[in-house]
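Trainee: Structure file structure-v7.csv, CSV, C-alpha atoms, is pasted below:
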```csv
chain,number,residue,atom,x,y,z
A,1,MET,CA,95.6,191.3,13.5
A,2,VAL,CA,96.2,189.5,16.8
A,3,VAL,CA,95.2,186.1,15.2
A,4,TRP,CA,97.6,186.8,12.3
A,5,ARG,CA,100.5,187.6,14.8
A,6,TRP,CA,99.7,184.4,16.8
A,7,PHE,CA,99.5,182.3,13.6
A,8,ARG,CA,102.8,183.8,12.3
A,9,GLY,CA,104.4,183.1,15.7
A,10,VAL,CA,103.3,179.5,15.7
A,11,VAL,CA,104.6,178.9,12.1
A,12,LEU,CA,107.9,180.6,13.0
A,13,PHE,CA,108.2,178.4,16.1
A,14,LEU,CA,107.5,175.2,14.1
A,15,VAL,CA,110.0,176.1,11.4
A,16,ASP,CA,112.7,176.9,14.0
A,17,TYR,CA,111.8,173.8,15.9
A,18,VAL,CA,112.1,171.4,12.9
A,19,ILE,CA,114.8,173.1,10.9
A,20,GLY,CA,116.8,174.9,13.6
A,21,ASP,CA,120.1,176.6,12.7
A,22,ASP,CA,121.0,174.4,9.7
A,23,TRP,CA,118.4,173.7,7.1
A,24,THR,CA,120.7,171.3,5.2
A,25,VAL,CA,120.4,168.7,8.0
A,26,ALA,CA,116.6,168.7,7.7
A,27,ALA,CA,116.9,168.6,3.8
A,28,VAL,CA,119.4,165.6,3.8
A,29,ILE,CA,117.2,163.7,6.3
A,30,ALA,CA,114.1,164.3,4.1
A,31,ILE,CA,116.0,162.9,1.1
A,32,GLY,CA,117.2,160.0,3.3
A,33,LEU,CA,113.6,159.2,4.3
A,34,LEU,CA,112.5,159.3,0.6
A,35,ALA,CA,115.4,157.0,-0.4
A,36,THR,CA,114.6,154.6,2.4
A,37,TRP,CA,111.0,154.5,1.4
A,38,ARG,CA,111.9,153.7,-2.2
A,39,LEU,CA,114.4,151.0,-1.2
A,40,ALA,CA,111.8,149.4,1.2
A,41,GLU,CA,109.1,149.5,-1.5
A,42,ALA,CA,111.5,147.8,-3.9
A,43,GLY,CA,111.9,145.0,-1.4
A,44,GLY,CA,115.6,145.6,-0.6
A,45,ALA,CA,117.1,145.7,2.9
A,46,ALA,CA,116.7,149.4,3.8
A,47,TRP,CA,117.5,149.4,7.5
A,48,TRP,CA,121.1,150.6,7.1
A,49,LEU,CA,120.4,153.7,5.0
A,50,LEU,CA,118.6,156.0,7.5
A,51,PRO,CA,121.2,155.8,10.3
A,52,LEU,CA,124.0,156.4,7.7
A,53,VAL,CA,122.2,159.5,6.3
A,54,VAL,CA,121.5,160.9,9.8
A,55,LEU,CA,125.1,160.5,10.8
A,56,ALA,CA,126.4,162.0,7.5
A,57,ALA,CA,124.0,165.0,7.8
A,58,ASN,CA,125.2,165.7,11.3
A,59,ILE,CA,128.9,165.3,10.5
A,60,GLN,CA,128.8,167.7,7.5
A,61,SER,CA,126.8,170.2,9.7
A,62,LEU,CA,129.3,169.9,12.6
A,63,HIS,CA,132.2,170.4,10.2
A,64,ARG,CA,130.7,173.5,8.7
A,65,ALA,CA,129.9,174.9,12.2
A,66,VAL,CA,133.5,174.5,13.3
A,67,ARG,CA,134.8,176.1,10.0
A,68,ASN,CA,132.5,179.1,10.8
A,69,GLY,CA,133.9,179.4,14.3
A,70,GLY,CA,131.4,177.2,16.3
B,1,MET,CA,103.6,152.1,32.5
B,2,ASN,CA,105.9,152.2,29.4
B,3,TRP,CA,109.3,152.8,31.2
B,4,GLY,CA,111.2,153.5,28.0
B,5,VAL,CA,108.8,156.4,27.2
B,6,PHE,CA,108.7,157.5,30.8
B,7,ILE,CA,112.5,157.8,31.1
B,8,SER,CA,112.9,159.4,27.6
B,9,THR,CA,110.3,162.2,28.4
B,10,PHE,CA,111.7,162.6,31.9
B,11,LEU,CA,115.2,163.3,30.6
B,12,ALA,CA,114.1,165.5,27.7
B,13,ALA,CA,111.9,167.5,30.0
B,14,THR,CA,114.7,167.9,32.5
B,15,ILE,CA,116.8,169.8,30.0
B,16,GLU,CA,114.1,172.4,29.5
B,17,VAL,CA,112.9,172.4,33.1
B,18,ILE,CA,116.4,173.5,34.2
B,19,GLU,CA,116.1,176.5,32.0
B,20,MET,CA,112.6,177.2,33.2
B,21,ILE,CA,113.8,177.1,36.8
B,22,ALA,CA,116.8,179.4,36.0
B,23,ILE,CA,114.3,182.0,34.8
B,24,VAL,CA,111.7,181.5,37.5
B,25,VAL,CA,114.4,181.6,40.3
B,26,ALA,CA,116.0,184.7,38.7
B,27,VAL,CA,112.6,186.4,38.7
B,28,GLY,CA,111.9,185.3,42.3
B,29,VAL,CA,115.3,186.3,43.7
B,30,THR,CA,115.7,189.6,42.0
B,31,ARG,CA,112.1,190.7,41.6
B,32,SER,CA,109.2,189.0,43.4
B,33,TRP,CA,108.6,185.3,44.4
B,34,ARG,CA,104.8,185.9,44.2
B,35,ALA,CA,105.0,187.1,40.6
B,36,ALA,CA,107.5,184.3,39.7
B,37,ARG,CA,105.0,181.6,41.1
B,38,VAL,CA,101.9,183.2,39.4
B,39,GLY,CA,103.7,183.4,36.1
B,40,ALA,CA,105.1,179.9,36.3
B,41,ALA,CA,101.6,178.5,37.2
B,42,GLY,CA,100.1,180.3,34.1
B,43,GLY,CA,102.9,178.9,31.9
B,44,LEU,CA,102.3,175.4,33.1
B,45,LEU,CA,98.5,175.8,32.5
B,46,VAL,CA,99.2,176.8,28.9
B,47,LEU,CA,101.5,173.8,28.4
B,48,ALA,CA,98.8,171.4,29.8
B,49,VAL,CA,96.3,172.8,27.3
B,50,THR,CA,98.9,172.5,24.5
B,51,VAL,CA,99.6,168.8,25.3
B,52,ALA,CA,95.9,168.0,25.5
B,53,ALA,CA,95.2,169.8,22.1
B,54,LEU,CA,98.2,168.2,20.3
B,55,GLY,CA,97.4,164.8,21.8
B,56,ALA,CA,93.8,165.0,20.5
B,57,ALA,CA,94.9,166.1,17.1
B,58,LEU,CA,97.5,163.2,16.7
B,59,GLN,CA,95.0,160.5,17.8
B,60,SER,CA,93.2,160.8,14.4
B,61,LEU,CA,96.3,159.7,12.4
B,62,SER,CA,97.0,156.0,11.7
B,63,LEU,CA,99.9,154.5,13.7
B,64,GLU,CA,102.1,154.1,10.6
B,65,THR,CA,101.6,157.7,9.5
B,66,LEU,CA,102.0,158.9,13.0
B,67,ARG,CA,105.4,157.0,13.4
B,68,LEU,CA,106.7,158.4,10.2
B,69,VAL,CA,105.7,162.0,11.1
B,70,VAL,CA,106.9,161.7,14.7
B,71,GLY,CA,110.1,159.9,13.5
B,72,ALA,CA,110.9,162.7,11.0
B,73,LEU,CA,110.2,165.4,13.6
B,74,LEU,CA,112.4,163.7,16.2
B,75,LEU,CA,115.2,163.2,13.7
B,76,ALA,CA,115.2,166.9,12.7
B,77,PHE,CA,114.8,168.2,16.2
B,78,GLY,CA,117.0,165.6,18.0
B,79,SER,CA,119.9,166.3,15.5
B,80,GLN,CA,119.9,169.9,16.7
B,81,TRP,CA,120.4,168.8,20.4
B,82,TYR,CA,122.9,166.1,19.3
B,83,ARG,CA,125.1,168.7,17.4
B,84,LYS,CA,124.8,171.4,20.0
B,85,GLY,CA,125.8,168.9,22.7
B,86,ILE,CA,128.8,167.6,20.7
B,87,LEU,CA,130.0,171.2,19.9
B,88,ILE,CA,129.7,172.5,23.5
B,89,VAL,CA,130.9,169.4,25.4
B,90,SER,CA,133.9,169.1,23.1
B,91,ARG,CA,134.8,172.8,23.7
B,92,ASP,CA,133.8,173.3,27.4
B,93,GLY,CA,133.9,169.7,28.9
B,94,TRP,CA,131.3,167.4,30.4
B,95,THR,CA,130.4,169.5,33.4
B,96,THR,CA,129.0,172.6,31.7
B,97,GLY,CA,125.9,173.6,33.6
B,98,ILE,CA,123.9,176.8,33.1
B,99,GLY,CA,124.7,180.4,34.0
B,100,ALA,CA,122.6,182.8,36.1
B,101,GLU,CA,119.8,184.7,34.4
B,102,ASP,CA,119.7,188.5,34.8
B,103,VAL,CA,116.1,189.9,34.9
B,104,ASP,CA,116.4,192.7,37.4
B,105,ASP,CA,115.5,196.0,35.7
B,106,GLY,CA,113.6,197.8,38.4
B,107,VAL,CA,110.8,196.2,40.5
B,108,PRO,CA,107.6,198.3,40.9
B,109,ALA,CA,105.5,198.6,44.1
B,110,GLY,CA,102.5,196.2,44.3
B,111,PHE,CA,102.1,193.1,42.1
B,112,ASP,CA,105.1,192.7,39.7
B,113,TRP,CA,103.3,192.1,36.4
B,114,THR,CA,106.6,192.3,34.5
B,115,GLY,CA,108.1,189.6,36.7
B,116,ALA,CA,105.0,187.4,36.3
B,117,PHE,CA,105.2,187.9,32.5
B,118,LEU,CA,108.9,187.0,32.4
B,119,SER,CA,108.2,183.9,34.5
B,120,PHE,CA,105.2,183.0,32.4
B,121,LYS,CA,107.1,183.5,29.1
B,122,GLY,CA,110.1,181.5,30.4
B,123,VAL,CA,107.9,178.5,31.5
B,124,SER,CA,105.6,178.5,28.4
B,125,LEU,CA,108.3,179.0,25.8
B,126,GLU,CA,110.9,176.6,27.3
B,127,GLY,CA,108.1,174.1,27.9
B,128,LEU,CA,106.7,174.2,24.4
B,129,GLU,CA,109.5,172.1,22.9
B,130,VAL,CA,109.0,169.5,25.7
B,131,ALA,CA,105.2,169.6,25.1
B,132,VAL,CA,105.8,168.6,21.4
B,133,ILE,CA,108.3,165.8,22.5
B,134,VAL,CA,105.9,164.5,25.1
B,135,VAL,CA,103.0,164.3,22.8
B,136,ALA,CA,105.1,162.9,19.9
B,137,PHE,CA,106.7,160.2,22.1
B,138,GLY,CA,103.4,159.3,23.8
B,139,ALA,CA,101.4,159.1,20.6
B,140,ALA,CA,104.0,157.1,18.6
B,141,ALA,CA,104.6,154.6,21.4
B,142,ASP,CA,100.8,154.5,22.1
B,143,ALA,CA,101.7,155.5,25.7
B,144,LEU,CA,100.6,159.1,26.1
B,145,GLY,CA,100.0,158.6,29.8
B,146,SER,CA,103.6,157.4,30.5
B,147,ALA,CA,105.0,160.3,28.5
B,148,ILE,CA,102.9,162.9,30.4
B,149,VAL,CA,103.8,161.4,33.8
B,150,GLY,CA,107.6,161.4,32.8
B,151,ALA,CA,107.5,165.1,32.0
B,152,ALA,CA,105.3,165.9,35.0
B,153,VAL,CA,107.7,164.1,37.4
B,154,SER,CA,110.6,166.0,35.9
B,155,VAL,CA,108.8,169.3,36.5
B,156,VAL,CA,107.9,168.3,40.1
B,157,VAL,CA,111.3,166.8,41.1
B,158,ILE,CA,113.6,169.4,39.4
B,159,GLY,CA,111.1,172.1,40.3
B,160,ALA,CA,111.2,171.1,44.0
B,161,LEU,CA,115.0,170.9,43.9
B,162,GLY,CA,115.2,174.3,42.3
B,163,ALA,CA,112.8,175.8,44.9
B,164,ALA,CA,114.9,174.3,47.8
B,165,THR,CA,118.3,175.3,46.4
B,166,TYR,CA,119.0,176.4,42.9
B,167,ARG,CA,122.7,175.7,43.3
B,168,TYR,CA,122.2,171.9,42.7
B,169,VAL,CA,120.0,172.5,39.6
B,170,ALA,CA,122.6,174.9,38.1
B,171,ALA,CA,125.2,172.2,38.6
B,172,ILE,CA,123.4,169.6,36.5
B,173,PRO,CA,125.6,169.1,33.4
B,174,ARG,CA,122.9,170.3,31.0
B,175,ARG,CA,125.0,170.1,27.8
B,176,ALA,CA,126.1,166.5,28.5
B,177,LEU,CA,122.5,165.7,29.2
B,178,GLN,CA,121.5,167.4,25.9
B,179,LEU,CA,124.0,165.3,24.0
B,180,PHE,CA,122.7,162.0,25.3
B,181,VAL,CA,119.0,163.0,25.0
B,182,GLY,CA,119.8,164.2,21.4
B,183,ALA,CA,121.2,160.7,20.7
B,184,MET,CA,118.1,159.2,22.3
B,185,LEU,CA,115.7,161.3,20.2
B,186,ILE,CA,117.4,160.5,16.9
B,187,THR,CA,117.5,156.8,18.0
B,188,PHE,CA,113.7,156.8,18.4
B,189,GLY,CA,113.3,159.1,15.4
B,190,THR,CA,115.3,156.6,13.2
B,191,PHE,CA,113.4,153.6,14.5
B,192,TRP,CA,109.9,155.1,14.2
B,193,ALA,CA,110.5,156.7,10.8
B,194,GLY,CA,111.8,153.4,9.6
B,195,GLU,CA,108.7,151.6,11.0
B,196,GLY,CA,106.5,154.2,9.3
B,197,LEU,CA,108.3,153.4,6.0
B,198,SER,CA,107.9,149.5,6.5
B,199,VAL,CA,111.6,149.0,7.1
B,200,GLU,CA,112.5,145.5,8.6
B,201,TRP,CA,114.8,146.2,11.5
B,202,PRO,CA,117.4,143.5,12.3
B,203,ALA,CA,116.5,142.2,15.8
B,204,GLY,CA,113.1,143.9,15.7
B,205,ASP,CA,112.4,146.2,18.6
B,206,PHE,CA,115.9,145.5,19.9
B,207,ALA,CA,117.1,147.7,17.0
B,208,LEU,CA,116.5,150.6,19.5
B,209,MET,CA,119.5,149.3,21.5
B,210,TRP,CA,122.0,149.0,18.7
B,211,LEU,CA,120.8,152.3,17.2
B,212,GLY,CA,121.3,154.0,20.5
B,213,ALA,CA,124.7,152.5,21.0
B,214,LEU,CA,125.7,153.5,17.4
B,215,TYR,CA,124.7,157.2,17.9
B,216,VAL,CA,126.3,157.5,21.3
B,217,ALA,CA,129.6,155.9,20.0
B,218,ALA,CA,129.4,158.2,17.0
B,219,ALA,CA,129.0,161.2,19.3
B,220,LEU,CA,132.0,160.3,21.4
B,221,LEU,CA,134.1,159.9,18.2
B,222,LEU,CA,132.7,163.1,16.7
B,223,MET,CA,133.7,165.1,19.9
B,224,ARG,CA,137.4,164.1,19.2
B,225,MET,CA,137.0,164.9,15.5
B,226,VAL,CA,135.5,168.3,16.3
B,227,SER,CA,138.4,169.1,18.7
B,228,ASP,CA,140.8,168.2,15.9
B,229,TRP,CA,138.9,170.4,13.3
B,230,ARG,CA,139.0,173.3,15.8
B,231,ARG,CA,142.8,172.9,16.2
B,232,ASP,CA,143.2,172.9,12.4
B,233,VAL,CA,141.0,176.0,12.0
B,234,THR,CA,142.9,177.8,14.8
B,235,ALA,CA,146.3,176.9,13.3
B,236,ARG,CA,145.2,178.0,9.9
B,237,LYS,CA,144.0,181.4,11.2
B,238,GLN,CA,147.2,181.9,13.1
B,239,GLY,CA,149.2,181.0,10.0
B,240,GLU,CA,147.2,183.6,8.0
B,241,VAL,CA,147.7,186.3,10.6
B,242,ALA,CA,151.4,185.5,10.7
B,243,SER,CA,151.8,185.7,6.9
B,244,ALA,CA,149.7,188.9,6.8
B,245,ALA,CA,152.0,190.4,9.5
B,246,GLY,CA,155.1,189.2,7.5
B,247,ALA,CA,153.8,190.8,4.3
B,248,ALA,CA,153.2,194.1,6.1
```
Can you present the structure in this file as structure tokens?

Mentor:
Amino acid sequence: MVVWRWFRGVVLFLVDYVIGDDWTVAAVIAIGLLATWRLAEAGGAAWWLLPLVVLAANIQSLHRAVRNGG
Amino acid sequence: MNWGVFISTFLAATIEVIEMIAIVVAVGVTRSWRAARVGAAGGLLVLAVTVAALGAALQSLSLETLRLVVGALLLAFGSQWYRKGILIVSRDGWTTGIGAEDVDDGVPAGFDWTGAFLSFKGVSLEGLEVAVIVVAFGAAADALGSAIVGAAVSVVVIGALGAATYRYVAAIPRRALQLFVGAMLITFGTFWAGEGLSVEWPAGDFALMWLGALYVAAALLLMRMVSDWRRDVTARKQGEVASAAGAA
């Protein structure tokens, strides 16, 4: 029981740590990483994609936070 | 010594150390200094064990995989600090520090176990985020020693400052620091995740410089945009209230 509670606490901490208050940012970044990998594998210049995705993910999250009174 | 890693972990740790000290000082002032110190020491011990265990676990990964995992982790986590910093600094200004903690709910005679637990919990929980950052930075840059020293120096320096007079620690503009450290975390996150995915960065390692400049410039621009969005939202709400009042 104690081990289960400890394990659950660790998992919840990690989820909160990685995802935080807006899961869409983590999801968009994950898609961005996947797209960057595909582009790099195909031999194209992929350096521009990830910074763009990171900024876009944060901008849409900030806009939503403000609309919700943040 | 890897000074980039040292400074990064020092600044990231400082953000959480300020909160740790707020809790420990609050326990010390309002309950018992002995309990506050015992709890804080226990919390730091737990953090040291966590750093050692995580560090050992990450050593088994290849550098490429490690950089991808750490980069993705820093991007997700750093984005949270980046957004929080932008939202709060754009609303409250650059000098926002930290408020006083309230932990006084009746101090018993003898050793104050509640106070020690509060102090322990504050140090271990606030420090857990830093422990992950320290290990991730250290492992990905192959400079775990520099990362640990950076965080330890923060604990000692800010801790000593807090023990001497909490007034100065409370005045550190924590949210502004959070914004810049958030920008720094996503800078390293982007760079390392890209390295893990075999991305060829223009200017090689100097990409860290232009990525950092890009994210800081974007943060400054976003603060203005957030202020404009807030004004629009407020104006729209006021318009709705006025038209509802007019209809009534």

Trainee: Distance limit 8 Å, atoms considered: only C-alpha atoms. Which chain B residues sit that close to chain A? Return them as a list in words.

Mentor: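 Written out as asked, the residues are Ala72, Leu73, Leu75, Ala76, Phe77, Ser79, Gln80, Arg83, Leu87, Glu129, Thr190, Ala193, Gly194, Leu197, Ser198, Val199, Glu200, Trp201, Pro202, Leu211, Tyr215, Ala218, Leu222, Val226, Trp229, Arg230 and Val233 of chain B.
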
Trainee: What is the distance between CA of Met1 (chain B) and CA of Ala147 (chain B), in Å to one decimal?

Mentor: 9.2 Å

Trainee: For a test of reading the model, state the distance in Å between CA of Trp210 (chain B) and CA of Thr9 (chain B), rounded to one decimal.

Mentor: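 Separation of CA of Trp210 (chain B) and CA of Thr9 (chain B): 20.1 Å.
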
Trainee: Report, in Å with one decimal, the straight-line distance from CA of Gly71 (chain B) to CA of Leu185 (chain B).

Mentor: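 Going from CA of Gly71 (chain B) over to CA of Leu185 (chain B), I get 8.8 Å.
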
Trainee: Calculated over all atoms listed in the file, which of the candidates B:Ala13, B:Ala36, B:Gly122, B:Ala52 has the smallest distance to Gly145 (chain B)?

Mentor: B:Ala52

Trainee: Near region 47-49 of chain B, within 8 Å and counting only C-alpha atoms, which residues show up once chain neighbours fewer than 4 positions away are dropped, as a list in words?

Mentor: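 What passes the distance filter is Gly43, Ala53, Ser124, Gly127, Leu128 and Ala131 of chain B.
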
Trainee: Which one of B:Ala41, B:Ala244, B:Ala116, B:Val5 sits closest to Val27 (chain B) if you count all atoms listed in the file?

Mentor: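 Under the stated criterion, the closest residue is B:Ala116.
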
Trainee: Have a look at B:Val70, B:Asp205, B:Ser90, B:Lys84 and name the one nearest to Arg231 (chain B); count all atoms listed in the file.

Mentor: B:Ser90
